[in-house]
$ cat my_file-v2.cif   # mmCIF, C-alpha atoms
data_start
#
loop_
_atom_site.label_atom_id
_atom_site.label_comp_id
_atom_site.auth_asym_id
_atom_site.auth_seq_id
_atom_site.Cartn_x
_atom_site.Cartn_y
_atom_site.Cartn_z
CA MET U 1 21.94 -28.39 -11.15
CA LYS U 2 22.44 -25.78 -8.45
CA ASN U 3 19.27 -24.20 -7.04
CA PHE U 4 19.49 -20.52 -7.93
CA LYS U 5 17.49 -17.88 -6.07
CA ILE U 6 17.04 -14.78 -8.20
CA ILE U 7 15.54 -11.47 -7.15
CA VAL U 8 14.60 -8.73 -9.59
CA ILE U 9 14.66 -5.25 -8.04
CA CYS U 10 13.20 -1.96 -9.24
CA THR U 11 11.90 1.15 -7.55
CA GLY U 12 8.28 0.33 -6.66
CA ASN U 13 7.91 -3.38 -7.43
CA SER U 14 4.79 -2.62 -9.42
CA CYS U 15 5.62 -3.17 -13.09
CA ARG U 16 9.12 -3.95 -14.47
CA SER U 17 10.29 -6.25 -11.71
CA GLN U 18 6.89 -7.97 -11.56
CA MET U 19 6.96 -8.64 -15.29
CA ALA U 20 10.56 -9.90 -15.16
CA GLU U 21 9.66 -12.22 -12.28
CA GLY U 22 6.74 -13.56 -14.32
CA TYR U 23 8.85 -14.20 -17.42
CA LEU U 24 11.69 -15.78 -15.44
CA LYS U 25 9.28 -18.11 -13.64
CA PHE U 26 7.50 -19.00 -16.88
CA PHE U 27 10.64 -19.84 -18.84
CA SER U 28 12.45 -21.58 -15.97
CA ASN U 29 9.40 -23.83 -15.47
CA LYS U 30 9.15 -24.46 -19.21
CA MET U 31 12.83 -25.44 -19.32
CA GLN U 32 12.51 -27.44 -16.07
CA LEU U 33 15.19 -25.41 -14.32
CA ASN U 34 15.47 -25.45 -10.55
CA ILE U 35 15.21 -21.68 -10.01
CA GLU U 36 13.33 -19.66 -7.41
CA VAL U 37 12.41 -16.16 -8.58
CA TYR U 38 11.29 -13.17 -6.52
CA SER U 39 10.83 -9.47 -7.13
CA ALA U 40 11.04 -6.49 -4.82
CA GLY U 41 11.41 -2.76 -4.77
CA ILE U 42 12.85 0.00 -2.66
CA GLU U 43 9.17 0.69 -1.92
CA ALA U 44 6.01 -1.38 -2.49
CA HIS U 45 3.51 0.39 -4.76
CA GLY U 46 1.12 -2.45 -5.57
CA ILE U 47 0.83 -4.28 -8.88
CA ASN U 48 0.29 -2.06 -11.91
CA PRO U 49 -2.91 -3.17 -13.72
CA ASN U 50 -1.24 -2.53 -17.09
CA ALA U 51 1.49 -5.04 -16.17
CA LEU U 52 -1.19 -7.63 -15.43
CA ASP U 53 -2.83 -7.01 -18.82
CA ILE U 54 0.41 -7.14 -20.81
CA MET U 55 1.52 -10.36 -19.15
CA LEU U 56 -1.87 -11.97 -19.85
CA GLU U 57 -1.39 -11.12 -23.52
CA ASP U 58 1.68 -13.40 -23.38
CA GLY U 59 -0.26 -16.08 -21.49
CA ILE U 60 1.42 -15.40 -18.14
CA ASN U 61 -0.78 -14.69 -15.13
CA ILE U 62 0.90 -12.62 -12.41
CA SER U 63 -2.31 -11.73 -10.58
CA ASP U 64 -1.17 -13.71 -7.53
CA HIS U 65 2.03 -11.64 -7.20
CA THR U 66 2.40 -9.24 -4.30
CA SER U 67 4.30 -5.96 -4.19
CA ASN U 68 7.18 -6.31 -1.74
CA THR U 69 10.22 -4.47 -0.49
CA ILE U 70 13.79 -5.74 -0.46
CA GLU U 71 13.61 -6.20 3.30
CA ASP U 72 11.00 -8.94 2.80
CA TYR U 73 13.69 -11.16 1.22
CA MET U 74 16.68 -10.57 3.47
CA ASN U 75 16.51 -14.15 4.81
CA LYS U 76 16.10 -15.93 1.43
CA ASN U 77 19.80 -16.48 0.73
CA ILE U 78 19.53 -14.88 -2.74
CA SER U 79 22.21 -16.02 -5.20
CA HIS U 80 21.58 -13.51 -8.04
CA VAL U 81 20.28 -9.94 -8.12
CA LEU U 82 18.92 -8.26 -11.27
CA THR U 83 18.34 -4.51 -11.21
#
$ encode --input "my_file-v2.cif" --output "structure tokens"
Amino acid sequence: MKNFKIIVICTGNSCRSQMAEGYLKFFSNKMQLNIEVYSAGIEAHGINPNALDIMLEDGINISDHTSNTIEDYMNKNISHVLT
């Protein structure tokens, strides 16, 4: 299977894109898919504590995520972009 590199983009990379990254990583690992997942924003606002709490309710820990901008991933050869 082809190795996909997916980036999820939103405004501040603090909540929606972080949660989407967490779900995509969780389910791609569960299904043993060869997918790399990242998230970024136009700006980096830090991780929203509510996003951390909601994800933990679903058993997904995103506390090691960082808030990044799109520029941080310009050299990753991204194959798919979700906005």
$ closest_residue --input "my_file-v2.cif" --among "U:Ser14, U:Val81, U:Leu33, U:Pro49" --to "Thr69 in chain U" --atoms "all atoms listed in the file"
U:Ser14
$ resolve_selection --input "my_file-v2.cif" --expression "the PyMOL selection byres ((chain U and resi 8) around 10)" --output "ChimeraX atom specification"
/U:6-7,9-10,13,16-21,24,37-41,70,80-83
$ resolve_selection --input "my_file-v2.cif" --expression "the PyMOL selection byres ((chain U and resi 47) around 7)" --output "ChimeraX atom specification"
/U:14-15,45-46,48-49,66-67
$ residues_near_point --input "my_file-v2.cif" --point "(14.4, -16.6, -2.8)" --cutoff "6 Å" --atoms "all atoms listed in the file" --output "PyMOL selection string"
chain U and resi 5+36+38+76+78
$ write_last_selection --input "my_file-v2.cif" --atoms "C-alpha atoms" --output "compact mmCIF listing (two decimals), in the frame of the given file"
# COMPACT_ATOMS: atom_id res chain seq x y z
CA LYS U 5 17.49 -17.88 -6.07
CA GLU U 36 13.33 -19.66 -7.41
CA TYR U 38 11.29 -13.17 -6.52
CA LYS U 76 16.10 -15.93 1.43
CA ILE U 78 19.53 -14.88 -2.74
$ atom_distance --input "my_file-v2.cif" --atom1 "CA of Ser79 in chain U" --atom2 "CA of Met31 in chain U"
19.4 Å
$ residues_around --input "my_file-v2.cif" --residues "Gly22 in chain U" --least-positions-apart "6" --cutoff "9 Å" --atoms "all atoms listed in the file" --output "PyMOL selection string"
chain U and resi 37+55+60-62+65
$ atom_distance --input "my_file-v2.cif" --atom1 "CA of Asp53 in chain U" --atom2 "CA of Met74 in chain U"
29.8 Å
$ atom_distance --input "my_file-v2.cif" --atom1 "CA of Asn77 in chain U" --atom2 "CA of Leu52 in chain U"
27.9 Å
$ closest_residue --input "my_file-v2.cif" --among "U:Asp64, U:Ala44, U:Ile35, U:Asn29" --to "Gly12 in chain U" --atoms "all atoms listed in the file"
U:Ala44
$ closest_residue --input "my_file-v2.cif" --among "U:Phe4, U:Gly59, U:Glu71, U:Asn50" --to "Asn34 in chain U" --atoms "all atoms listed in the file"
U:Phe4
$ closest_residue --input "my_file-v2.cif" --among "U:Ala51, U:Tyr73, U:Asn3, U:Thr11" --to "Gln32 in chain U" --atoms "all atoms listed in the file"
U:Asn3
$ closest_residue --input "my_file-v2.cif" --among "U:Ser63, U:Asn68, U:Ile54, U:Asn75" --to "Ile42 in chain U" --atoms "all atoms listed in the file"
U:Asn68
$ axis_aligned_box --input "my_file-v2.cif" --around "range 58-69 of chain U" --padding-each-side "5 Å" --output "AutoDock Vina command-line options"
--center_x 4.0 --center_y -10.3 --center_z -11.9 --size_x 22.5 --size_y 21.6 --size_z 32.9
$ build_atoms --input "my_file-v2.cif" --residues "range 55-81 of chain U" --atoms "N, CA and C atoms" --output "PDB file, in the frame of the given file"
ATOM      1  N   MET U  55       1.060  -8.991 -19.400  1.00  0.00           N
ATOM      2  CA  MET U  55       1.520 -10.360 -19.150  1.00  0.00           C
ATOM      3  C   MET U  55       0.464 -11.370 -19.600  1.00  0.00           C
ATOM      4  N   LEU U  56      -0.812 -11.062 -19.385  1.00  0.00           N
ATOM      5  CA  LEU U  56      -1.870 -11.970 -19.850  1.00  0.00           C
ATOM      6  C   LEU U  56      -1.867 -12.104 -21.362  1.00  0.00           C
ATOM      7  N   GLU U  57      -1.492 -11.043 -22.060  1.00  0.00           N
ATOM      8  CA  GLU U  57      -1.390 -11.120 -23.520  1.00  0.00           C
ATOM      9  C   GLU U  57      -0.351 -12.162 -23.942  1.00  0.00           C
ATOM     10  N   ASP U  58       0.658 -12.376 -23.107  1.00  0.00           N
ATOM     11  CA  ASP U  58       1.680 -13.400 -23.380  1.00  0.00           C
ATOM     12  C   ASP U  58       1.350 -14.731 -22.706  1.00  0.00           C
ATOM     13  N   GLY U  59       0.157 -14.828 -22.113  1.00  0.00           N
ATOM     14  CA  GLY U  59      -0.260 -16.080 -21.490  1.00  0.00           C
ATOM     15  C   GLY U  59       0.333 -16.325 -20.122  1.00  0.00           C
ATOM     16  N   ILE U  60       0.806 -15.271 -19.464  1.00  0.00           N
ATOM     17  CA  ILE U  60       1.420 -15.400 -18.140  1.00  0.00           C
ATOM     18  C   ILE U  60       0.575 -14.619 -17.137  1.00  0.00           C
ATOM     19  N   ASN U  61       0.078 -15.309 -16.134  1.00  0.00           N
ATOM     20  CA  ASN U  61      -0.780 -14.690 -15.130  1.00  0.00           C
ATOM     21  C   ASN U  61       0.040 -14.341 -13.891  1.00  0.00           C
ATOM     22  N   ILE U  62       0.164 -13.059 -13.606  1.00  0.00           N
ATOM     23  CA  ILE U  62       0.900 -12.620 -12.410  1.00  0.00           C
ATOM     24  C   ILE U  62      -0.052 -12.017 -11.382  1.00  0.00           C
ATOM     25  N   SER U  63      -1.331 -12.326 -11.488  1.00  0.00           N
ATOM     26  CA  SER U  63      -2.310 -11.730 -10.580  1.00  0.00           C
ATOM     27  C   SER U  63      -2.134 -12.170  -9.128  1.00  0.00           C
ATOM     28  N   ASP U  64      -1.404 -13.255  -8.908  1.00  0.00           N
ATOM     29  CA  ASP U  64      -1.170 -13.710  -7.530  1.00  0.00           C
ATOM     30  C   ASP U  64       0.119 -13.110  -6.935  1.00  0.00           C
ATOM     31  N   HIS U  65       0.825 -12.301  -7.710  1.00  0.00           N
ATOM     32  CA  HIS U  65       2.030 -11.640  -7.200  1.00  0.00           C
ATOM     33  C   HIS U  65       1.655 -10.591  -6.158  1.00  0.00           C
ATOM     34  N   THR U  66       2.578 -10.319  -5.277  1.00  0.00           N
ATOM     35  CA  THR U  66       2.400  -9.240  -4.300  1.00  0.00           C
ATOM     36  C   THR U  66       3.534  -8.238  -4.490  1.00  0.00           C
ATOM     37  N   SER U  67       3.280  -7.004  -4.114  1.00  0.00           N
ATOM     38  CA  SER U  67       4.300  -5.960  -4.190  1.00  0.00           C
ATOM     39  C   SER U  67       5.051  -5.948  -2.872  1.00  0.00           C
ATOM     40  N   ASN U  68       6.362  -6.150  -2.944  1.00  0.00           N
ATOM     41  CA  ASN U  68       7.180  -6.310  -1.740  1.00  0.00           C
ATOM     42  C   ASN U  68       8.395  -5.397  -1.761  1.00  0.00           C
ATOM     43  N   THR U  69       8.973  -5.227  -0.598  1.00  0.00           N
ATOM     44  CA  THR U  69      10.220  -4.470  -0.490  1.00  0.00           C
ATOM     45  C   THR U  69      11.389  -5.440  -0.334  1.00  0.00           C
ATOM     46  N   ILE U  70      12.573  -4.922  -0.564  1.00  0.00           N
ATOM     47  CA  ILE U  70      13.790  -5.740  -0.460  1.00  0.00           C
ATOM     48  C   ILE U  70      13.900  -6.391   0.917  1.00  0.00           C
ATOM     49  N   GLU U  71      13.494  -5.679   1.936  1.00  0.00           N
ATOM     50  CA  GLU U  71      13.610  -6.200   3.300  1.00  0.00           C
ATOM     51  C   GLU U  71      12.835  -7.503   3.486  1.00  0.00           C
ATOM     52  N   ASP U  72      11.792  -7.716   2.691  1.00  0.00           N
ATOM     53  CA  ASP U  72      11.000  -8.940   2.800  1.00  0.00           C
ATOM     54  C   ASP U  72      11.792 -10.190   2.405  1.00  0.00           C
ATOM     55  N   TYR U  73      12.923 -10.028   1.736  1.00  0.00           N
ATOM     56  CA  TYR U  73      13.690 -11.160   1.220  1.00  0.00           C
ATOM     57  C   TYR U  73      15.089 -11.270   1.809  1.00  0.00           C
ATOM     58  N   MET U  74      15.343 -10.565   2.879  1.00  0.00           N
ATOM     59  CA  MET U  74      16.680 -10.570   3.470  1.00  0.00           C
ATOM     60  C   MET U  74      17.115 -11.958   3.952  1.00  0.00           C
ATOM     61  N   ASN U  75      16.176 -12.829   4.267  1.00  0.00           N
ATOM     62  CA  ASN U  75      16.510 -14.150   4.810  1.00  0.00           C
ATOM     63  C   ASN U  75      16.407 -15.256   3.765  1.00  0.00           C
ATOM     64  N   LYS U  76      16.293 -14.929   2.485  1.00  0.00           N
ATOM     65  CA  LYS U  76      16.100 -15.930   1.430  1.00  0.00           C
ATOM     66  C   LYS U  76      17.379 -16.495   0.843  1.00  0.00           C
ATOM     67  N   ASN U  77      18.526 -15.993   1.260  1.00  0.00           N
ATOM     68  CA  ASN U  77      19.800 -16.480   0.730  1.00  0.00           C
ATOM     69  C   ASN U  77      19.844 -16.379  -0.806  1.00  0.00           C
ATOM     70  N   ILE U  78      19.588 -15.174  -1.311  1.00  0.00           N
ATOM     71  CA  ILE U  78      19.530 -14.880  -2.740  1.00  0.00           C
ATOM     72  C   ILE U  78      20.916 -15.103  -3.369  1.00  0.00           C
ATOM     73  N   SER U  79      20.932 -15.776  -4.520  1.00  0.00           N
ATOM     74  CA  SER U  79      22.210 -16.020  -5.200  1.00  0.00           C
ATOM     75  C   SER U  79      22.482 -15.016  -6.325  1.00  0.00           C
ATOM     76  N   HIS U  80      21.422 -14.435  -6.917  1.00  0.00           N
ATOM     77  CA  HIS U  80      21.580 -13.510  -8.040  1.00  0.00           C
ATOM     78  C   HIS U  80      20.610 -12.350  -7.887  1.00  0.00           C
ATOM     79  N   VAL U  81      21.096 -11.151  -8.192  1.00  0.00           N
ATOM     80  CA  VAL U  81      20.280  -9.940  -8.120  1.00  0.00           C
ATOM     81  C   VAL U  81      20.274  -9.289  -9.495  1.00  0.00           C
TER      82      VAL U  81
END
